[in-house]
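Participant: Could you have a look at this structure, given as structure tokens, before my questions?
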Amino acid sequence: RIMRAWWLALALFLVCVAGHPCTYSSPQGHFYDFSPVSQCITDESKEVGYVIPINGNSSSDIILINVCSELKHMGCGNYSGVSHCSGDQSSECTSFGTATSGTFRSRVDPATGNETITLQYTGGSMCTQGEAEPRPASALITWKCTTEDATNIIFSPNSSACVYEFEISSPHACARAPGPQNKACPWPQGVRNVYLVPHSHDDVGWNETPDQYYTSHYDGSEDQGPVQKVLDTVFAALQEDPSRTFTQVEQEYFSRWWEVRNSTERDIYRTMVRNGQVEFAVGGWVMHDEATPTYSAMVDQMTEGHLYLKDQLGVGGGPGRTSSVEYGWQIDPFGHSAFTPDMNRLMGFKGHVMYRIDDALRKKMIDEASLQFSWNGMPTSVLVDNYAQPFGELNYRFGCHPPDAAESLSTYLAKYRGSDLTPAVLVPYGTDFGLFKAQERDYPCLDQLIEYMRANFDQYLINIRYATPRDYFSGLLSFVETNVSRSGTSLPGVPQEDFLPYTDKVGVGEYGTGFWTGFYSSRPALKRLARQGEALCRQVEVIYAAAWASSDIYSVSTTLATLVNTPLVESALTHLRRALARVQHHDGITGTAQSAVVDWYSNDINTAVAATNEALQQLSLRAPGAGPVWDQDKLIKGGWVSVANSLGWDRVEWVMLPLDPSSLNVTVTSIDGTPVPCQVHAPGAISNAALFFQARVPALGHAYYLVQPTSSMSPHARVVYPSSPDTSMSITAGDSTVSISNGTLKSVTRNGTVLDLSAHLMMYDSYVGYDQQSGAYIFRPNGEAYPLNATRTEVFHDPGANVTEVVQEYTMDENEKHSRVTIRLYQDLNFVEMSFEIFVPSAGSGRELVVRLSSAINSSVDGARTFWTDSNGAGPIIHRYDSTIPGESFEGYSRNYYPIVYHAGINDSEHHLSVVTDTTHGGSSLDDGDLELMLHRRTLVDDGRGLGEVMDDSSVASSTLRIGVGAASASTTWKINQAYLLNYPLTVMKLGWAAPALGQPLLAASLPPNVHLMTLRTVAAFNDPTHLRAPSMLVRLKHLYSPDDGPLGKPVLLDIGENFPNLVAQFGLLSITTLTGTQVLEDRGQSNYTILLEPQAIVTFRLGVSPHRLPKFVGVPPPASQVITIALVLGLVLLAFTFLGGFIIMRFLRSKQITVKEFLMKDF
């Protein structure tokens, strides 16, 4: 009897605490803690739970409820304690539900906005009441918030058909701030809470195009199918059982599917989202890469997805509802950047899931139980083993087999037991294009697995349930607060700023590691095209905003036609925004897609650019200075050009245009008739004719210049002809003197200090062997890089010339394919510019071409080479060269490559060598004083990471570097300033021969040098597909410096009304929002336009129109009731006129004694 009582107490303990679904975060953002209602007592001598008589006050038929644990119907004859259910009595207990099956649901009354929470238990004892076949009993608890002190439980008389309903009224059923109230039930040793998360993972391009993946993809097995079918069958499966969940990730595919849903289907799906059955994770248009995009491109693609979800589903904010996009889900990008947690925090995210980190680091984290941590303040969880179902036997092609699947899951979890800080375990379910048989196969088999493991809980000690990322992080953080925090700890931090580079296959092959550093430079032509598209999109956004700001949208006489051609421009901008979003996919911008897919991305962007140029032509009617962007491949023969500036600072820069070689004598005149100094480079053997002139352009504004051919040389123009290079020459540019020897850099002298500096084009042969090849993903050289020698060199230089060029041509193969390098120096600018047009020959196992800068800078710190790159351009990342890889393998070079998005550099105590780029490159410092950037790659062996073809890239890749040297203290200012000037170049638009009209500036004055206008774009009114309402303006400001950067690192206070007077005059309602503009954090109206920018901060706000001042066609449309009333009134008026007309006609006929028939038959 003593042993039986001990086992009973242990069983009751496990029942009380195993599932413990006592806390719940609803989709509406409310937190509930029902744990105080639970009576989790493990002492046999005490009563357990709540006793509820079923038939009046009879004690012979009662129900015992232990809330948040297993529910029992006590059929015992005499209830005096839990021992009466030990099996000694003639009556046995009947279960209404197992301890691990508790599932919360939330419903909102659309009329009142009140939220009702229900808790359902399933998997009870077999029941036949009112059923043809026995089925498990279940219980449904409805929670009712009350101000009464006591908790009252009522058994519902509606209970029937083996479903038993209860209503619990309690003050603990009211929503409250998170935090535990009842800590009487500790987590049992060895029990793990498994959150099974079915999710989408549908690449927006890889081995097939997005179009093919959506409609026709099939991999020849039963594992993958078209995305359209995935979404169809998941939707059907979710409707069959509300306990099933799904996490949707990619909006590119969801938007395609959503657009063809009918209104009924949309309502059902919206209900699933509101109830938490469907959750959107990440919420971006794609799952973007984190190594190679700019931070602006990452934010923009997230914005595109979030705005779409808010427009179509209401996800992202609104009355009584918080955002349903609150969790990151970056499970397939090839490494993770330091900007990611900052971006997530600014978007209002509450947690982040990722997978691809260095394999050695993952093993270390598993050993140290640190896969759950705080990454720069963001709760983060690393998946232990792939993003698909991690247990191999869970393959349902050949049937469900719950025992086998349960054993596989249990074995898998046992292998990683202790790898997490908490017993909360996220198990993903959803491989590439999987779940295309969700309704007929996946969910039914998962249902059986869950039911089987619950029925055998004592064997596995695993609580498993369907879940979403919100459920997982709610459980994780709740456990940390209730258990871990009591011991004085919380989620630990990590020493890493980022998780780059990504490595895999540790312990396989001769040296055992594949370093994923090749894709930083793969497909450079696509990377460059994406960067150019980003700059163009920004410029058009600014022009479009200026068109709205210069129009009186509050005038009653205003029409949309006199404002802007809104549908055309919005359509073009949407196309361009989404084309740029698609290419940010982690198999797009990375260059790791098949050749046909790379072509698809390029065509997608080029088509969008063409539509945008057409929109610019339309905008020219309302936006002075707008016009088609100048095609750099076309020659200028004369006419007005508009030079546009998309940045928030005034700029004075040199503009270069291709020139018709038949008319080298030209003049350039500003809008006020002032001659502008210009320089013409005549065509040479390896270079084309070009026109250079210096443009002065206000912030967010335009400058106009007239280019005219002349019959004779103008005194304000200079023609420079090519010549052969001298053995050595010195060129003064600004406060620098640059020495060039045999066409290559030799040294730079600044303020009397000479710094040896050389630049060489060099080539690696790609490695091929039995273990790990170099390919689209992996960079692995076969030895040291060797220098290339220029075949021909031309120099454009005259004493006193404003622009000097040294053009070098390299013959790359026997077919006379060439690469070209141009060194360019400007008279009044303190940098060296190098432009590249690179072709890589097809030879051997592949070739990988780099530019290596060598200097006399001592860049070692404490014996280790130190250099810095950037995190998506948002801030610097300092690296110390990792010398642990064997030198003879040359994989140490691979290991020390990092992505360079905007800038990189080295320095010592006196000097800095900094490089700014307009295209992402892989790069490193492989020797003291060196910087190396990879410009192009052509690998002829597949590296075995799933691409399935070699990266035989025969394109010519263009890119530009700006190289700065100087005092070490000046490096930060120089690199930040030049990064934005180079990546958002002045845009030249052709206007023809008609004199342009002057417009009003968007900015009253240039912004402070430490403030970057990150975004200025329109956001179409929600639920307004025909664009009949005025948009709002989305604005982001970024502080560029840290507190360590002296005066530039101090906070900045701006007055938006003073900075943007014309914009605020039209869009005067200001609200501070999250990063993507979907959630309002502070609604200021027109009362406060001041913005405080702390160092390195990004502040996002919306500027909206006042609906009460707008004319009807652009204002808020009248409510449906008003439309119906007007229609009824008009109908009655028409009916009255009809009766009146008939009455008059009848009186007339009677007076003439004519019948109606005679009248109708009469021939008039």
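For the structure tokens, the naming scheme is as follows: chains receive sequential letters (A, B, ...) according to their order of presentation, residues are indexed from 1 within each chain, and ligands are indexed from 1 in presentation order.
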Excluding region 903-920 of chain A and any residue of its chain fewer than 5 positions from it, enumerate the residues within 8 Å of it, using only C-alpha atoms, and give them as number ranges by chain.
Facilitator: A: 292-293, 520-521, 524, 527-528, 531, 855, 857-860, 866-870, 873, 929-931, 959-971, 975, 978-979, 982-983
Participant: Write out, as a compact mmCIF listing (two decimals), in the first residue's frame, the residues just selected, with N, CA and C atoms.
Facilitator:
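Output (selection.txt):
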# COMPACT_ATOMS: atom_id res chain seq x y z
N THR A 292 24.96 39.49 -47.95
CA THR A 292 25.29 40.32 -49.10
C THR A 292 24.38 41.52 -49.35
N PRO A 293 23.14 41.59 -48.88
CA PRO A 293 22.32 42.78 -49.17
C PRO A 293 22.74 43.97 -48.31
N TYR A 520 29.70 35.30 -51.38
CA TYR A 520 29.83 36.75 -51.18
C TYR A 520 30.14 37.45 -52.50
N SER A 521 30.78 36.71 -53.43
CA SER A 521 31.21 37.31 -54.70
C SER A 521 30.59 36.64 -55.92
N PRO A 524 28.46 38.47 -59.70
CA PRO A 524 28.58 39.90 -59.36
C PRO A 524 27.74 40.81 -60.25
N LYS A 527 24.45 41.04 -58.54
CA LYS A 527 24.59 41.86 -57.34
C LYS A 527 24.63 43.35 -57.71
N ARG A 528 25.37 43.66 -58.76
CA ARG A 528 25.46 45.06 -59.19
C ARG A 528 24.12 45.57 -59.69
N ARG A 531 21.91 46.44 -56.81
CA ARG A 531 22.32 47.68 -56.15
C ARG A 531 21.90 48.90 -56.99
N SER A 855 49.89 47.92 -48.67
CA SER A 855 50.35 49.19 -48.10
C SER A 855 51.40 48.92 -47.03
N ILE A 857 50.98 49.94 -44.01
CA ILE A 857 50.30 50.02 -42.72
C ILE A 857 50.57 48.77 -41.90
N ASN A 858 50.89 48.95 -40.63
CA ASN A 858 51.10 47.83 -39.71
C ASN A 858 49.76 47.51 -39.04
N SER A 859 49.02 46.57 -39.64
CA SER A 859 47.64 46.32 -39.19
C SER A 859 47.53 45.20 -38.16
N SER A 860 48.64 44.71 -37.66
CA SER A 860 48.58 43.66 -36.64
C SER A 860 48.40 44.29 -35.27
N THR A 866 44.46 42.48 -37.97
CA THR A 866 43.14 43.01 -37.63
C THR A 866 42.63 43.86 -38.79
N PHE A 867 41.40 43.67 -39.14
CA PHE A 867 40.79 44.46 -40.21
C PHE A 867 39.30 44.56 -39.92
N TRP A 868 38.64 45.46 -40.61
CA TRP A 868 37.21 45.61 -40.40
C TRP A 868 36.46 45.57 -41.72
N THR A 869 35.28 44.97 -41.65
CA THR A 869 34.32 45.04 -42.75
C THR A 869 33.06 45.68 -42.18
N ASP A 870 31.93 45.46 -42.83
CA ASP A 870 30.70 46.09 -42.33
C ASP A 870 29.58 45.06 -42.23
N GLY A 873 26.42 47.26 -44.34
CA GLY A 873 26.58 48.70 -44.51
C GLY A 873 26.10 49.50 -43.32
N GLY A 929 49.01 44.80 -43.69
CA GLY A 929 48.97 45.94 -44.58
C GLY A 929 48.20 45.72 -45.86
N ASP A 930 47.61 44.52 -46.06
CA ASP A 930 46.90 44.20 -47.30
C ASP A 930 45.39 44.25 -47.12
N LEU A 931 44.70 44.56 -48.21
CA LEU A 931 43.26 44.39 -48.33
C LEU A 931 42.99 43.72 -49.66
N SER A 959 32.05 47.13 -61.41
CA SER A 959 31.98 47.64 -60.04
C SER A 959 32.98 48.77 -59.90
N THR A 960 32.82 49.55 -58.83
CA THR A 960 33.69 50.69 -58.58
C THR A 960 34.12 50.69 -57.12
N LEU A 961 35.39 50.95 -56.90
CA LEU A 961 35.93 51.13 -55.55
C LEU A 961 36.43 52.56 -55.40
N ARG A 962 36.29 53.10 -54.21
CA ARG A 962 36.96 54.34 -53.85
C ARG A 962 37.92 54.03 -52.71
N ILE A 963 39.15 54.43 -52.88
CA ILE A 963 40.22 54.09 -51.93
C ILE A 963 40.65 55.37 -51.24
N GLY A 964 40.58 55.35 -49.92
CA GLY A 964 40.98 56.51 -49.15
C GLY A 964 42.11 56.19 -48.20
N VAL A 965 43.04 57.09 -48.07
CA VAL A 965 44.12 56.96 -47.09
C VAL A 965 44.22 58.28 -46.34
N GLY A 966 44.74 58.21 -45.12
CA GLY A 966 44.89 59.42 -44.33
C GLY A 966 45.10 59.09 -42.89
N ALA A 967 44.89 60.11 -42.05
CA ALA A 967 45.05 59.91 -40.62
C ALA A 967 44.05 58.88 -40.11
N ALA A 968 44.49 58.03 -39.20
CA ALA A 968 43.63 56.95 -38.68
C ALA A 968 42.35 57.50 -38.10
N SER A 969 42.40 58.68 -37.50
CA SER A 969 41.22 59.26 -36.85
C SER A 969 40.15 59.68 -37.84
N ALA A 970 40.52 59.80 -39.13
CA ALA A 970 39.57 60.28 -40.14
C ALA A 970 38.88 59.16 -40.89
N SER A 971 39.17 57.91 -40.57
CA SER A 971 38.65 56.81 -41.39
C SER A 971 37.13 56.69 -41.30
N LYS A 975 34.77 56.95 -44.71
CA LYS A 975 34.12 55.76 -45.28
C LYS A 975 32.60 55.91 -45.26
N GLN A 978 31.58 58.56 -48.05
CA GLN A 978 31.77 58.07 -49.41
C GLN A 978 30.88 56.88 -49.72
N ALA A 979 30.54 56.08 -48.74
CA ALA A 979 29.69 54.91 -48.98
C ALA A 979 28.34 55.33 -49.54
N LEU A 982 28.68 57.02 -53.13
CA LEU A 982 28.95 56.06 -54.20
C LEU A 982 27.75 55.17 -54.47
N ASN A 983 27.03 54.76 -53.44
CA ASN A 983 25.93 53.81 -53.63
C ASN A 983 24.62 54.46 -54.03
Participant: Go through region 304-529 of chain A and collect every residue that DSSP, computed from the backbone, puts in alpha helix (DSSP H); the answer should be as a ChimeraX atom specification.
Facilitator: /A:304-313,339-346,359-367,402-415,443-455,457-460,469-479,524-529
Participant: Do you have the CA of Thr98 (chain A)-CA of Ala455 (chain A) distance handy?
Facilitator: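 If I compute the distance from CA of Thr98 (chain A) to CA of Ala455 (chain A), I get 7.9 Å.
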Participant: Between A:Ala593, A:Ala549, A:Ala856, A:Leu140, which one has atoms that come closest to Asn207 (chain A), using only C-alpha atoms?
Facilitator: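 Counting only C-alpha atoms, the residue closest to Asn207 (chain A) is A:Ala593.
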Participant: Take CA of Ser958 (chain A) and CA of Leu529 (chain A) and report the distance between them in Å, one decimal.
Facilitator: 9.5 Å
Participant: For each of A:Arg937, A:Arg192, A:His760, A:Lys505, take the minimum atom-to-atom distance to Val956 (chain A), counting only C-alpha atoms, then give the residue where this is smallest.
Facilitator: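 Nearest to Val956 (chain A): A:Arg937.
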Participant: Pick out each residue of region 653-825 of chain A that DSSP on the backbone tags as strand (DSSP E); I need them as an MDAnalysis selection string.
Facilitator: chainID A and resid 653:658 666:670 675:676 678:681 690:697 702:709 717:720 728:733 736:741 744:750 753:765 786:787 792:796 803:811 818:825
Participant: Contacts of Met354 (chain A) at 8 Å or less, counting only C-alpha atoms, minus same-chain residues fewer than 5 places along, as a PyMOL selection string?
Facilitator: chain A and resi 329-332+380-383
Participant: For each of A:Gly276, A:Pro341, A:Gly846, A:Gly946, take the minimum atom-to-atom distance to Arg105 (chain A), counting only C-alpha atoms, then give the residue where this is smallest.
Facilitator: A:Gly276
Participant: Given only C-alpha atoms as the basis, pick out the residue of A:Ile823, A:Leu664, A:Met729, A:Leu1048 nearest to Thr710 (chain A).
Facilitator: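 Under the stated criterion, the closest residue is A:Leu664.
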Participant: For Leu706 (chain A), find every residue with an atom within 8 Å (counting only C-alpha atoms), except residues of its own chain fewer than 3 positions away, and show them as JSON, numbers by chain.
Facilitator: {"A": [638, 639, 640, 641, 667, 668, 669, 670, 671]}
Participant: Put those residues in a file: N, CA, C and O atoms, as a PDB file, in the first residue's frame.
Facilitator:
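Generated output (part-v7.pdb):
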ATOM      1  N   GLY A 638      23.463  66.208 -77.001  1.00  0.00           N
ATOM      2  CA  GLY A 638      23.071  67.548 -76.620  1.00  0.00           C
ATOM      3  C   GLY A 638      21.672  67.589 -76.048  1.00  0.00           C
ATOM      4  O   GLY A 638      20.890  66.654 -76.182  1.00  0.00           O
ATOM      5  N   GLY A 639      21.348  68.689 -75.371  1.00  0.00           N
ATOM      6  CA  GLY A 639      20.035  68.894 -74.778  1.00  0.00           C
ATOM      7  C   GLY A 639      20.146  69.116 -73.279  1.00  0.00           C
ATOM      8  O   GLY A 639      21.225  69.064 -72.679  1.00  0.00           O
ATOM      9  N   TRP A 640      18.992  69.392 -72.678  1.00  0.00           N
ATOM     10  CA  TRP A 640      18.938  69.586 -71.237  1.00  0.00           C
ATOM     11  C   TRP A 640      18.989  68.239 -70.526  1.00  0.00           C
ATOM     12  O   TRP A 640      18.370  67.263 -70.955  1.00  0.00           O
ATOM     13  N   VAL A 641      19.751  68.196 -69.458  1.00  0.00           N
ATOM     14  CA  VAL A 641      19.747  67.042 -68.567  1.00  0.00           C
ATOM     15  C   VAL A 641      19.433  67.525 -67.160  1.00  0.00           C
ATOM     16  O   VAL A 641      19.774  68.644 -66.780  1.00  0.00           O
ATOM     17  N   THR A 667      29.813  72.587 -74.851  1.00  0.00           N
ATOM     18  CA  THR A 667      29.733  73.480 -73.704  1.00  0.00           C
ATOM     19  C   THR A 667      28.661  72.963 -72.764  1.00  0.00           C
ATOM     20  O   THR A 667      27.695  72.321 -73.194  1.00  0.00           O
ATOM     21  N   VAL A 668      28.829  73.225 -71.483  1.00  0.00           N
ATOM     22  CA  VAL A 668      27.839  72.872 -70.468  1.00  0.00           C
ATOM     23  C   VAL A 668      27.459  74.148 -69.738  1.00  0.00           C
ATOM     24  O   VAL A 668      28.330  74.890 -69.266  1.00  0.00           O
ATOM     25  N   THR A 669      26.146  74.418 -69.658  1.00  0.00           N
ATOM     26  CA  THR A 669      25.639  75.645 -69.056  1.00  0.00           C
ATOM     27  C   THR A 669      24.610  75.294 -67.996  1.00  0.00           C
ATOM     28  O   THR A 669      23.778  74.390 -68.195  1.00  0.00           O
ATOM     29  N   SER A 670      24.648  75.993 -66.868  1.00  0.00           N
ATOM     30  CA  SER A 670      23.672  75.757 -65.803  1.00  0.00           C
ATOM     31  C   SER A 670      22.361  76.457 -66.148  1.00  0.00           C
ATOM     32  O   SER A 670      22.267  77.199 -67.131  1.00  0.00           O
ATOM     33  N   ILE A 671      21.337  76.283 -65.330  1.00  0.00           N
ATOM     34  CA  ILE A 671      20.005  76.811 -65.605  1.00  0.00           C
ATOM     35  C   ILE A 671      19.984  78.329 -65.638  1.00  0.00           C
ATOM     36  O   ILE A 671      19.164  78.929 -66.332  1.00  0.00           O
TER      37      ILE A 671
END
Participant: Of the candidates A:Val227, A:Leu500, A:Met453, A:Ile686, which shows the shortest atom-to-atom distance to His879 (chain A), using only C-alpha atoms?
Facilitator: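 Smallest distance to His879 (chain A) is found for A:Leu500.
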Participant: Excluding region 762-769 of chain A and residues on its chain fewer than 3 positions from it, collect all residues at most 7 Å away from it, counting only C-alpha atoms, and give them as a PyMOL selection string.
Facilitator: chain A and resi 772-774+780-782+784-788+845-851+939
Participant: Which residues come within 8 Å of Thr422 (chain A), counting only C-alpha atoms, excluding same-chain residues fewer than 2 positions away, as a list in words?
Facilitator: Gln372, Asp420, Ala424, Val425, Leu476, Phe479 and Val480 of chain A
Participant: Can you tell me which residues surround Ala610 (chain A) at a distance of at most 12 Å, considering only C-alpha atoms, apart from same-chain residues fewer than 2 positions away, and format the answer as a short mmCIF file (atom, residue, chain, number, x, y, z; two decimals) with C-alpha atoms, in the first residue's frame?
Facilitator:
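This is the output file selection-v1.cif:
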data_model
loop_
_atom_site.label_atom_id
_atom_site.label_comp_id
_atom_site.auth_asym_id
_atom_site.auth_seq_id
_atom_site.Cartn_x
_atom_site.Cartn_y
_atom_site.Cartn_z
CA GLY A 533 17.91 49.08 -58.93
CA LEU A 536 16.94 54.04 -58.89
CA CYS A 537 13.97 53.01 -56.75
CA ALA A 572 5.60 50.75 -61.64
CA LEU A 573 6.96 51.37 -58.16
CA HIS A 575 6.78 46.21 -59.60
CA LEU A 576 10.25 47.60 -58.92
CA ASN A 603 14.85 40.19 -66.52
CA ASP A 604 12.49 40.83 -63.62
CA ILE A 605 14.52 43.85 -62.48
CA ASN A 606 15.09 45.16 -66.00
CA THR A 607 11.40 44.96 -66.83
CA ALA A 608 10.57 46.85 -63.65
CA THR A 612 9.71 52.91 -63.89
CA ASN A 613 11.24 54.93 -66.71
CA GLU A 614 7.80 55.21 -68.27
CA ALA A 615 6.44 56.38 -64.93
CA LEU A 616 9.20 58.99 -64.73
CA GLN A 617 8.07 60.29 -68.11
CA PRO A 628 13.72 58.90 -68.22
CA VAL A 629 17.01 57.92 -66.62
CA TRP A 630 19.98 58.27 -68.92
CA ASP A 631 21.10 54.99 -70.42
#
